file data_2.cif (mmCIF, C-alpha atoms (C1' of nucleotides))
data_coords
loop_
_atom_site.label_atom_id
_atom_site.label_comp_id
_atom_site.auth_asym_id
_atom_site.auth_seq_id
_atom_site.Cartn_x
_atom_site.Cartn_y
_atom_site.Cartn_z
CA MET A 1 0.00 0.00 0.00
CA LYS A 2 1.17 3.48 -0.84
CA THR A 3 1.70 5.92 1.99
CA ILE A 4 -0.67 8.63 0.98
CA ASP A 5 -0.23 12.25 1.95
CA GLY A 6 -3.77 13.23 1.16
CA LEU A 7 -5.23 10.96 3.79
CA THR A 8 -5.57 11.87 7.44
CA THR A 9 -4.06 9.95 10.32
CA GLU A 10 -7.60 9.38 11.55
CA GLU A 11 -8.32 7.50 8.35
CA GLU A 12 -5.06 5.60 8.61
CA ARG A 13 -5.91 4.63 12.15
CA ALA A 14 -9.39 3.47 11.21
CA ALA A 15 -8.01 1.46 8.32
CA ALA A 16 -5.38 -0.17 10.52
CA ILE A 17 -8.01 -1.30 13.00
CA PHE A 18 -10.31 -2.59 10.28
CA ARG A 19 -7.44 -4.38 8.58
CA ALA A 20 -6.56 -6.07 11.84
CA LEU A 21 -10.12 -7.34 12.05
CA GLY A 22 -10.13 -8.42 8.43
CA ASN A 23 -9.40 -12.06 9.08
CA PRO A 24 -11.82 -14.76 10.22
CA ALA A 25 -9.42 -16.12 12.79
CA ARG A 26 -8.95 -12.72 14.35
CA ILE A 27 -12.69 -12.12 14.33
CA ARG A 28 -13.07 -15.35 16.25
CA ILE A 29 -10.40 -14.26 18.71
CA VAL A 30 -12.09 -10.93 19.32
CA THR A 31 -15.57 -12.38 19.74
CA GLU A 32 -14.16 -15.00 22.06
CA LEU A 33 -12.49 -12.33 24.14
CA ALA A 34 -15.71 -10.33 24.20
CA ARG A 35 -17.61 -13.39 25.38
CA ARG A 36 -15.16 -14.51 28.04
CA ASN A 37 -13.90 -11.07 28.99
CA ALA A 38 -10.34 -12.46 29.15
CA CYS A 39 -8.58 -15.47 27.81
CA VAL A 40 -5.34 -17.42 28.18
CA ALA A 41 -3.54 -17.75 24.87
CA GLY A 42 -3.76 -21.53 24.95
CA ASP A 43 -7.54 -21.41 25.16
CA LEU A 44 -7.63 -19.40 21.96
CA VAL A 45 -5.43 -21.97 20.26
CA ASP A 46 -7.92 -24.66 21.28
CA VAL A 47 -10.77 -22.69 19.77
CA LEU A 48 -9.04 -22.11 16.43
CA PRO A 49 -8.11 -24.69 13.80
CA LEU A 50 -4.66 -23.20 13.39
CA ALA A 51 -1.13 -23.83 14.56
CA GLN A 52 -0.16 -22.30 17.87
CA SER A 53 2.44 -20.06 16.28
CA THR A 54 -0.13 -18.75 13.84
CA VAL A 55 -2.53 -17.84 16.62
CA SER A 56 0.29 -16.09 18.41
CA GLN A 57 0.95 -14.05 15.30
CA HIS A 58 -2.71 -13.11 15.00
CA LEU A 59 -2.65 -11.97 18.60
CA LYS A 60 0.37 -9.85 17.81
CA VAL A 61 -1.47 -8.18 14.94
CA LEU A 62 -4.43 -7.41 17.17
CA LYS A 63 -2.13 -6.10 19.86
CA GLU A 64 -0.24 -3.85 17.46
CA ALA A 65 -3.53 -2.46 16.21
CA GLY A 66 -4.38 -1.67 19.83
CA ILE A 67 -7.50 -3.81 19.84
CA VAL A 68 -6.20 -6.28 22.35
CA ARG A 69 -4.06 -6.12 25.46
CA GLY A 70 -1.88 -8.99 26.66
CA VAL A 71 -0.10 -9.61 29.91
CA THR A 72 2.25 -12.48 30.64
CA ASN A 73 1.81 -13.49 34.23
CA GLY A 74 4.45 -16.07 34.89
CA ASP A 75 3.80 -19.08 32.73
CA ASN A 76 0.90 -18.22 30.50
CA ALA A 77 -0.22 -15.13 28.62
CA CYS A 78 -3.62 -13.59 29.20
CA TYR A 79 -5.44 -11.45 26.68
CA CYS A 80 -8.42 -9.14 26.77
CA LEU A 81 -9.99 -6.46 24.64
CA GLU A 82 -8.92 -2.84 24.89
CA PRO A 83 -12.23 -1.24 25.81
CA ASP A 84 -11.44 2.25 24.57
CA VAL A 85 -10.47 1.07 21.11
CA VAL A 86 -13.49 -1.16 20.77
CA ARG A 87 -15.76 1.67 21.77
CA TRP A 88 -14.02 3.98 19.31
CA LEU A 89 -14.61 1.39 16.60
CA ALA A 90 -18.30 1.11 17.41
CA ALA A 91 -18.63 4.88 17.37
CA PHE A 92 -16.89 5.11 14.02
CA CYS A 93 -19.26 2.58 12.47
CA THR A 94 -22.26 4.33 13.93
CA ASP A 95 -21.04 7.61 12.46
CA ILE A 96 -20.92 6.07 9.02
CA CYS A 97 -24.48 4.97 9.53
CA CYS A 98 -25.60 8.36 10.73
CA PRO A 99 -22.97 11.00 9.99
CA PRO A 100 -23.26 13.97 12.36
CA GLY A 101 -25.17 16.83 10.80
CA LEU A 102 -27.01 14.70 8.34
CA GLY A 103 -29.83 13.72 10.61
CA GLU A 104 -30.68 10.11 10.10
CA SER A 105 -29.36 9.70 6.54
CA LEU A 106 -29.07 5.95 6.37
CA SER A 107 -31.72 5.36 8.96
CA ALA A 108 -34.22 6.21 6.29
CA ASN A 109 -34.19 4.01 3.24
CA ALA A 110 -31.65 5.93 1.28
CA VAL A 111 -31.58 4.91 -2.34
CA CYS A 112 -28.68 5.23 -4.71
CA CYS A 113 -28.50 8.32 -6.86
CA ASP A 114 -31.84 10.04 -6.64
CA MET B 1 -5.23 -17.03 3.86
CA LYS B 2 -6.25 -20.57 4.54
CA THR B 3 -9.89 -21.51 4.04
CA ILE B 4 -10.74 -22.73 7.46
CA ASP B 5 -13.45 -25.25 8.20
CA GLY B 6 -13.68 -24.41 11.87
CA LEU B 7 -14.83 -20.89 11.24
CA THR B 8 -18.41 -19.91 10.61
CA THR B 9 -19.67 -18.11 7.55
CA GLU B 10 -20.76 -15.32 9.84
CA GLU B 11 -17.16 -14.83 10.84
CA GLU B 12 -16.02 -15.04 7.24
CA ARG B 13 -18.56 -12.41 6.31
CA ALA B 14 -17.53 -10.10 9.10
CA ALA B 15 -13.88 -10.50 8.18
CA ALA B 16 -14.59 -9.79 4.51
CA ILE B 17 -16.34 -6.55 5.39
CA PHE B 18 -13.60 -5.47 7.77
CA ARG B 19 -10.93 -6.34 5.25
CA ALA B 20 -12.68 -4.24 2.64
CA LEU B 21 -12.55 -1.31 5.06
CA GLY B 22 -8.93 -1.98 5.93
CA ASN B 23 -7.46 0.60 3.60
CA PRO B 24 -7.25 4.35 4.11
CA ALA B 25 -8.44 5.12 0.60
CA ARG B 26 -11.51 2.96 1.03
CA ILE B 27 -12.22 4.51 4.41
CA ARG B 28 -12.14 7.87 2.72
CA ILE B 29 -14.51 6.63 0.03
CA VAL B 30 -16.96 5.32 2.58
CA THR B 31 -16.92 8.42 4.75
CA GLU B 32 -17.32 10.55 1.66
CA LEU B 33 -20.31 8.50 0.58
CA ALA B 34 -21.76 8.78 4.06
CA ARG B 35 -21.34 12.54 4.00
CA ARG B 36 -22.71 13.13 0.52
CA ASN B 37 -25.20 10.29 0.49
CA ALA B 38 -24.24 9.47 -3.10
CA CYS B 39 -21.31 10.21 -5.33
CA VAL B 40 -20.27 10.05 -8.96
CA ALA B 41 -17.11 8.00 -9.41
CA GLY B 42 -15.19 10.93 -10.80
CA ASP B 43 -15.83 12.98 -7.67
CA LEU B 44 -14.22 10.26 -5.61
CA VAL B 45 -11.20 10.29 -7.89
CA ASP B 46 -10.89 14.04 -7.28
CA VAL B 47 -11.00 13.53 -3.54
CA LEU B 48 -8.32 10.84 -3.50
CA PRO B 49 -4.63 11.22 -4.38
CA LEU B 50 -4.73 8.09 -6.52
CA ALA B 51 -4.98 7.11 -10.15
CA GLN B 52 -8.44 6.69 -11.62
CA SER B 53 -7.94 2.99 -12.20
CA THR B 54 -6.91 2.51 -8.59
CA VAL B 55 -10.00 4.23 -7.27
CA SER B 56 -12.11 2.11 -9.58
CA GLN B 57 -10.51 -0.99 -8.13
CA HIS B 58 -11.18 0.18 -4.59
CA LEU B 59 -14.81 0.73 -5.50
CA LYS B 60 -14.94 -2.79 -6.86
CA VAL B 61 -13.61 -4.17 -3.60
CA LEU B 62 -16.22 -2.26 -1.61
CA LYS B 63 -18.93 -3.40 -3.99
CA GLU B 64 -17.89 -7.03 -3.77
CA ALA B 65 -17.95 -6.80 0.01
CA GLY B 66 -21.50 -5.49 -0.27
CA ILE B 67 -20.70 -2.21 1.46
CA VAL B 68 -21.36 -0.07 -1.56
CA ARG B 69 -23.81 -0.09 -4.40
CA GLY B 70 -23.06 1.34 -7.84
CA VAL B 71 -25.29 2.13 -10.78
CA THR B 72 -24.13 3.29 -14.18
CA ASN B 73 -26.69 5.70 -15.54
CA GLY B 74 -25.59 6.48 -19.05
CA ASP B 75 -22.30 8.28 -18.92
CA ASN B 76 -21.16 8.25 -15.35
CA ALA B 77 -21.32 5.79 -12.48
CA CYS B 78 -22.96 6.70 -9.21
CA TYR B 79 -22.16 5.06 -5.89
CA CYS B 80 -23.77 5.01 -2.49
CA LEU B 81 -23.59 3.01 0.71
CA GLU B 82 -25.59 -0.14 1.20
CA PRO B 83 -27.58 0.82 4.30
CA ASP B 84 -28.30 -2.70 5.53
CA VAL B 85 -24.67 -3.74 5.47
CA VAL B 86 -23.50 -0.59 7.21
CA ARG B 87 -26.08 -1.08 9.90
CA TRP B 88 -25.07 -4.70 10.28
CA LEU B 89 -21.49 -3.57 10.72
CA ALA B 90 -22.39 -1.06 13.39
CA ALA B 91 -24.41 -3.70 15.21
CA PHE B 92 -21.54 -6.15 15.07
CA CYS B 93 -19.15 -3.65 16.59
CA THR B 94 -21.63 -2.75 19.27
CA ASP B 95 -22.01 -6.42 20.11
CA ILE B 96 -18.30 -6.75 20.63
CA CYS B 97 -18.53 -3.82 23.01
CA CYS B 98 -21.46 -5.28 24.87
CA PRO B 99 -21.97 -8.95 23.98
CA PRO B 100 -25.56 -10.04 24.54
CA GLY B 101 -25.99 -11.81 27.86
CA LEU B 102 -22.98 -10.25 29.43
CA GLY B 103 -24.66 -7.12 30.61
CA GLU B 104 -22.40 -4.18 30.09
CA SER B 105 -19.08 -6.02 30.08
CA LEU B 106 -16.90 -3.43 28.40
CA SER B 107 -19.07 -0.56 29.40
CA ALA B 108 -17.57 -0.92 32.82
CA ASN B 109 -13.81 -0.53 33.00
CA ALA B 110 -12.92 -4.10 32.34
CA VAL B 111 -9.33 -4.85 33.20
CA CYS B 112 -7.23 -7.61 31.74
CA CYS B 113 -7.10 -10.89 33.61
CA ASP B 114 -8.57 -10.29 37.03
"C1'" DG C 1 20.93 -29.47 36.90
"C1'" DG C 2 17.74 -31.21 33.43
"C1'" DT C 3 12.86 -31.38 31.58
"C1'" DT C 4 8.50 -30.06 30.54
"C1'" DT C 5 5.18 -26.42 29.56
"C1'" DG C 6 3.41 -22.22 27.38
"C1'" DC C 7 4.23 -18.89 24.46
"C1'" DT C 8 6.92 -15.76 21.23
"C1'" DT C 9 9.92 -15.03 17.41
"C1'" DC C 10 12.39 -16.51 13.16
"C1'" DG C 11 12.65 -18.22 8.53
"C1'" DT C 12 10.19 -19.26 4.52
"C1'" DA C 13 6.99 -20.35 0.73
"C1'" DA C 14 2.55 -19.39 -1.30
"C1'" DA C 15 -0.96 -16.28 -2.03
"C1'" DA C 16 -3.20 -11.82 -1.86
"C1'" DT C 17 -3.09 -6.80 -2.05
"C1'" DT C 18 -1.87 -2.32 -3.92
"C1'" DA C 19 -0.84 0.81 -7.33
"C1'" DC C 20 0.10 2.25 -11.92
"C1'" DG C 21 -0.29 2.95 -17.04
"C1'" DA C 22 -2.44 1.12 -21.01
"C1'" DT C 23 -6.35 -0.55 -23.25
"C1'" DG C 24 -11.27 -0.98 -24.26
"C1'" DG C 25 -16.22 0.07 -24.34
"C1'" DA C 26 -20.28 2.98 -23.97
"C1'" DC C 27 -22.33 7.28 -24.44
"C1'" DG C 28 -22.87 12.26 -25.96
"C1'" DG C 29 -21.70 16.25 -28.75
"C1'" DA C 30 -19.56 18.57 -32.85
"C1'" DT D 1 -18.77 9.78 -38.42
"C1'" DC D 2 -15.19 11.23 -35.46
"C1'" DC D 3 -13.81 12.89 -30.96
"C1'" DG D 4 -13.85 13.46 -26.11
"C1'" DT D 5 -15.40 11.96 -21.64
"C1'" DC D 6 -16.13 8.64 -18.10
"C1'" DC D 7 -15.35 4.52 -16.27
"C1'" DA D 8 -14.01 -0.58 -15.97
"C1'" DT D 9 -10.68 -4.03 -16.85
"C1'" DC D 10 -6.05 -5.95 -18.06
"C1'" DG D 11 -1.26 -6.70 -17.29
"C1'" DT D 12 2.42 -6.12 -14.19
"C1'" DA D 13 5.75 -5.14 -10.45
"C1'" DA D 14 6.40 -4.38 -5.58
"C1'" DT D 15 4.85 -5.21 -1.24
"C1'" DT D 16 2.15 -7.44 2.36
"C1'" DT D 17 -0.25 -11.20 4.41
"C1'" DT D 18 -0.91 -15.88 5.88
"C1'" DA D 19 0.42 -20.11 7.60
"C1'" DC D 20 3.62 -23.54 9.04
"C1'" DG D 21 7.56 -25.84 11.49
"C1'" DA D 22 11.79 -24.84 13.91
"C1'" DA D 23 14.11 -22.58 17.30
"C1'" DG D 24 14.37 -19.71 21.57
"C1'" DC D 25 13.10 -18.24 26.15
"C1'" DA D 26 11.34 -17.97 30.73
"C1'" DA D 27 8.98 -20.07 34.54
"C1'" DA D 28 7.61 -24.37 36.92
"C1'" DC D 29 8.64 -29.07 38.25
"C1'" DC D 30 11.27 -33.34 38.95
#

call {"tool": "encode", "arguments": {"input": "data_2.cif", "output": "structure tokens"}}
result
Amino acid sequence: MKTIDGLTTEEERAAAIFRALGNPARIRIVTELARRNACVAGDLVDVLPLAQSTVSQHLKVLKEAGIVRGVTNGDNACYCLEPDVVRWLAAFCTDICCPPGLGESLSANAVCCD
Amino acid sequence: MKTIDGLTTEEERAAAIFRALGNPARIRIVTELARRNACVAGDLVDVLPLAQSTVSQHLKVLKEAGIVRGVTNGDNACYCLEPDVVRWLAAFCTDICCPPGLGESLSANAVCCD
DNA sequence: GGTTTGCTTCGTAAAATTACGATGGACGGA
DNA sequence: TCCGTCCATCGTAATTTTACGAAGCAAACC
């Protein structure tokens, strides 16, 4: 991907978060973390049909995107969602639905090109 | 990416939508469509610091993910958001925030591994 | 000290993504 | 009919992603 001047850091940030979620395995990880509130890495490996090293890499991607936090307490590593980032994501998506200043735009049945 | 049996189509679908949004240029396109409600392709090219063919490809990606709808009326092509998909996306993100059955989970200040 | 356990990081091959210019096709105007 | 405009698609090169096994590393256990 080209590093584009014309695009804001806000957009870059949004894209980075979306890209991190753009993989079924990572979606599963995130939903699992949402469901269980926190999770040992090994439990996530059990849930996914992937090699342990691959899951570890996916966790790294999520961590680098700021979606997930991980702490290594002694023997095993524990992960959970980063609440602020998840909330930011939800707000961003809601804004696309109903951009501020446009009333309910998509809430109505907007049709293409009228 | 490996096609994984152990993952649901729901997860695949979510990942496909997120992946489609995982690019700054496409984020810009989507926000622009949200702001203007509908857009001629050429206007999007003007807004983005990218070649026309590249923008067209980005639009194709968004269309294939179902996020965007495009109609070609005579000379120029007009695009707009697909309201249902955008709403689905917002709902998905909100669910991660507050998974059903877990009360307000992340609404409180959840901390990692307590 | 030596092993096992749990996880991360490295190295690598295959596949996908990103961007561009060039080409092509449909429509409208001179 | 011949251009010009608008847009999609093709072909291509560079980069990124994905997944795996191998290797490394720290804590726990014998």

call {"tool": "interface_residues", "arguments": {"input": "data_2.cif", "of": "chain A", "to": "chain D", "cutoff": "7 Å", "atoms": "only C-alpha atoms (C1' of nucleotides)", "output": "PyMOL selection string"}}
result
chain A and resi 54+74-75

call {"tool": "atom_distance", "arguments": {"input": "data_2.cif", "atom1": "CA of Val30 in chain A", "atom2": "CA of Thr8 in chain A"}}
result
26.5 Å

call {"tool": "resolve_selection", "arguments": {"input": "data_2.cif", "expression": "the PyMOL selection byres ((chain B) within 6 of (chain A))", "output": "list in words"}}
result
Gly6, Glu11, Glu12, Ala15, Phe18, Arg19, Leu21, Gly22, Asn23, Pro24, Ala34, Ala38, Pro49, Cys80, Pro83, Ala90, Cys93, Thr94, Ile96, Leu106, Cys112 and Cys113 of chain B

call {"tool": "interface_residues", "arguments": {"input": "data_2.cif", "of": "chain C", "to": "chain B", "cutoff": "12 Å", "atoms": "only C-alpha atoms (C1' of nucleotides)", "output": "PDB file with C-alpha atoms (C1' of nucleotides), keeping the file's coordinate frame"}}
result
ATOM      1  C1'  DA C  14       2.550 -19.390  -1.300  1.00  0.00           C
ATOM      2  C1'  DA C  15      -0.960 -16.280  -2.030  1.00  0.00           C
ATOM      3  C1'  DA C  16      -3.200 -11.820  -1.860  1.00  0.00           C
ATOM      4  C1'  DT C  17      -3.090  -6.800  -2.050  1.00  0.00           C
ATOM      5  C1'  DT C  18      -1.870  -2.320  -3.920  1.00  0.00           C
ATOM      6  C1'  DA C  19      -0.840   0.810  -7.330  1.00  0.00           C
ATOM      7  C1'  DC C  20       0.100   2.250 -11.920  1.00  0.00           C
ATOM      8  C1'  DG C  21      -0.290   2.950 -17.040  1.00  0.00           C
ATOM      9  C1'  DA C  22      -2.440   1.120 -21.010  1.00  0.00           C
ATOM     10  C1'  DT C  23      -6.350  -0.550 -23.250  1.00  0.00           C
ATOM     11  C1'  DG C  25     -16.220   0.070 -24.340  1.00  0.00           C
ATOM     12  C1'  DA C  26     -20.280   2.980 -23.970  1.00  0.00           C
ATOM     13  C1'  DC C  27     -22.330   7.280 -24.440  1.00  0.00           C
ATOM     14  C1'  DG C  28     -22.870  12.260 -25.960  1.00  0.00           C
TER      15       DG C  28
END

call {"tool": "atom_distance", "arguments": {"input": "data_2.cif", "atom1": "CA of Lys63 in chain A", "atom2": "C1' of DG11 in chain C"}}
result
22.2 Å
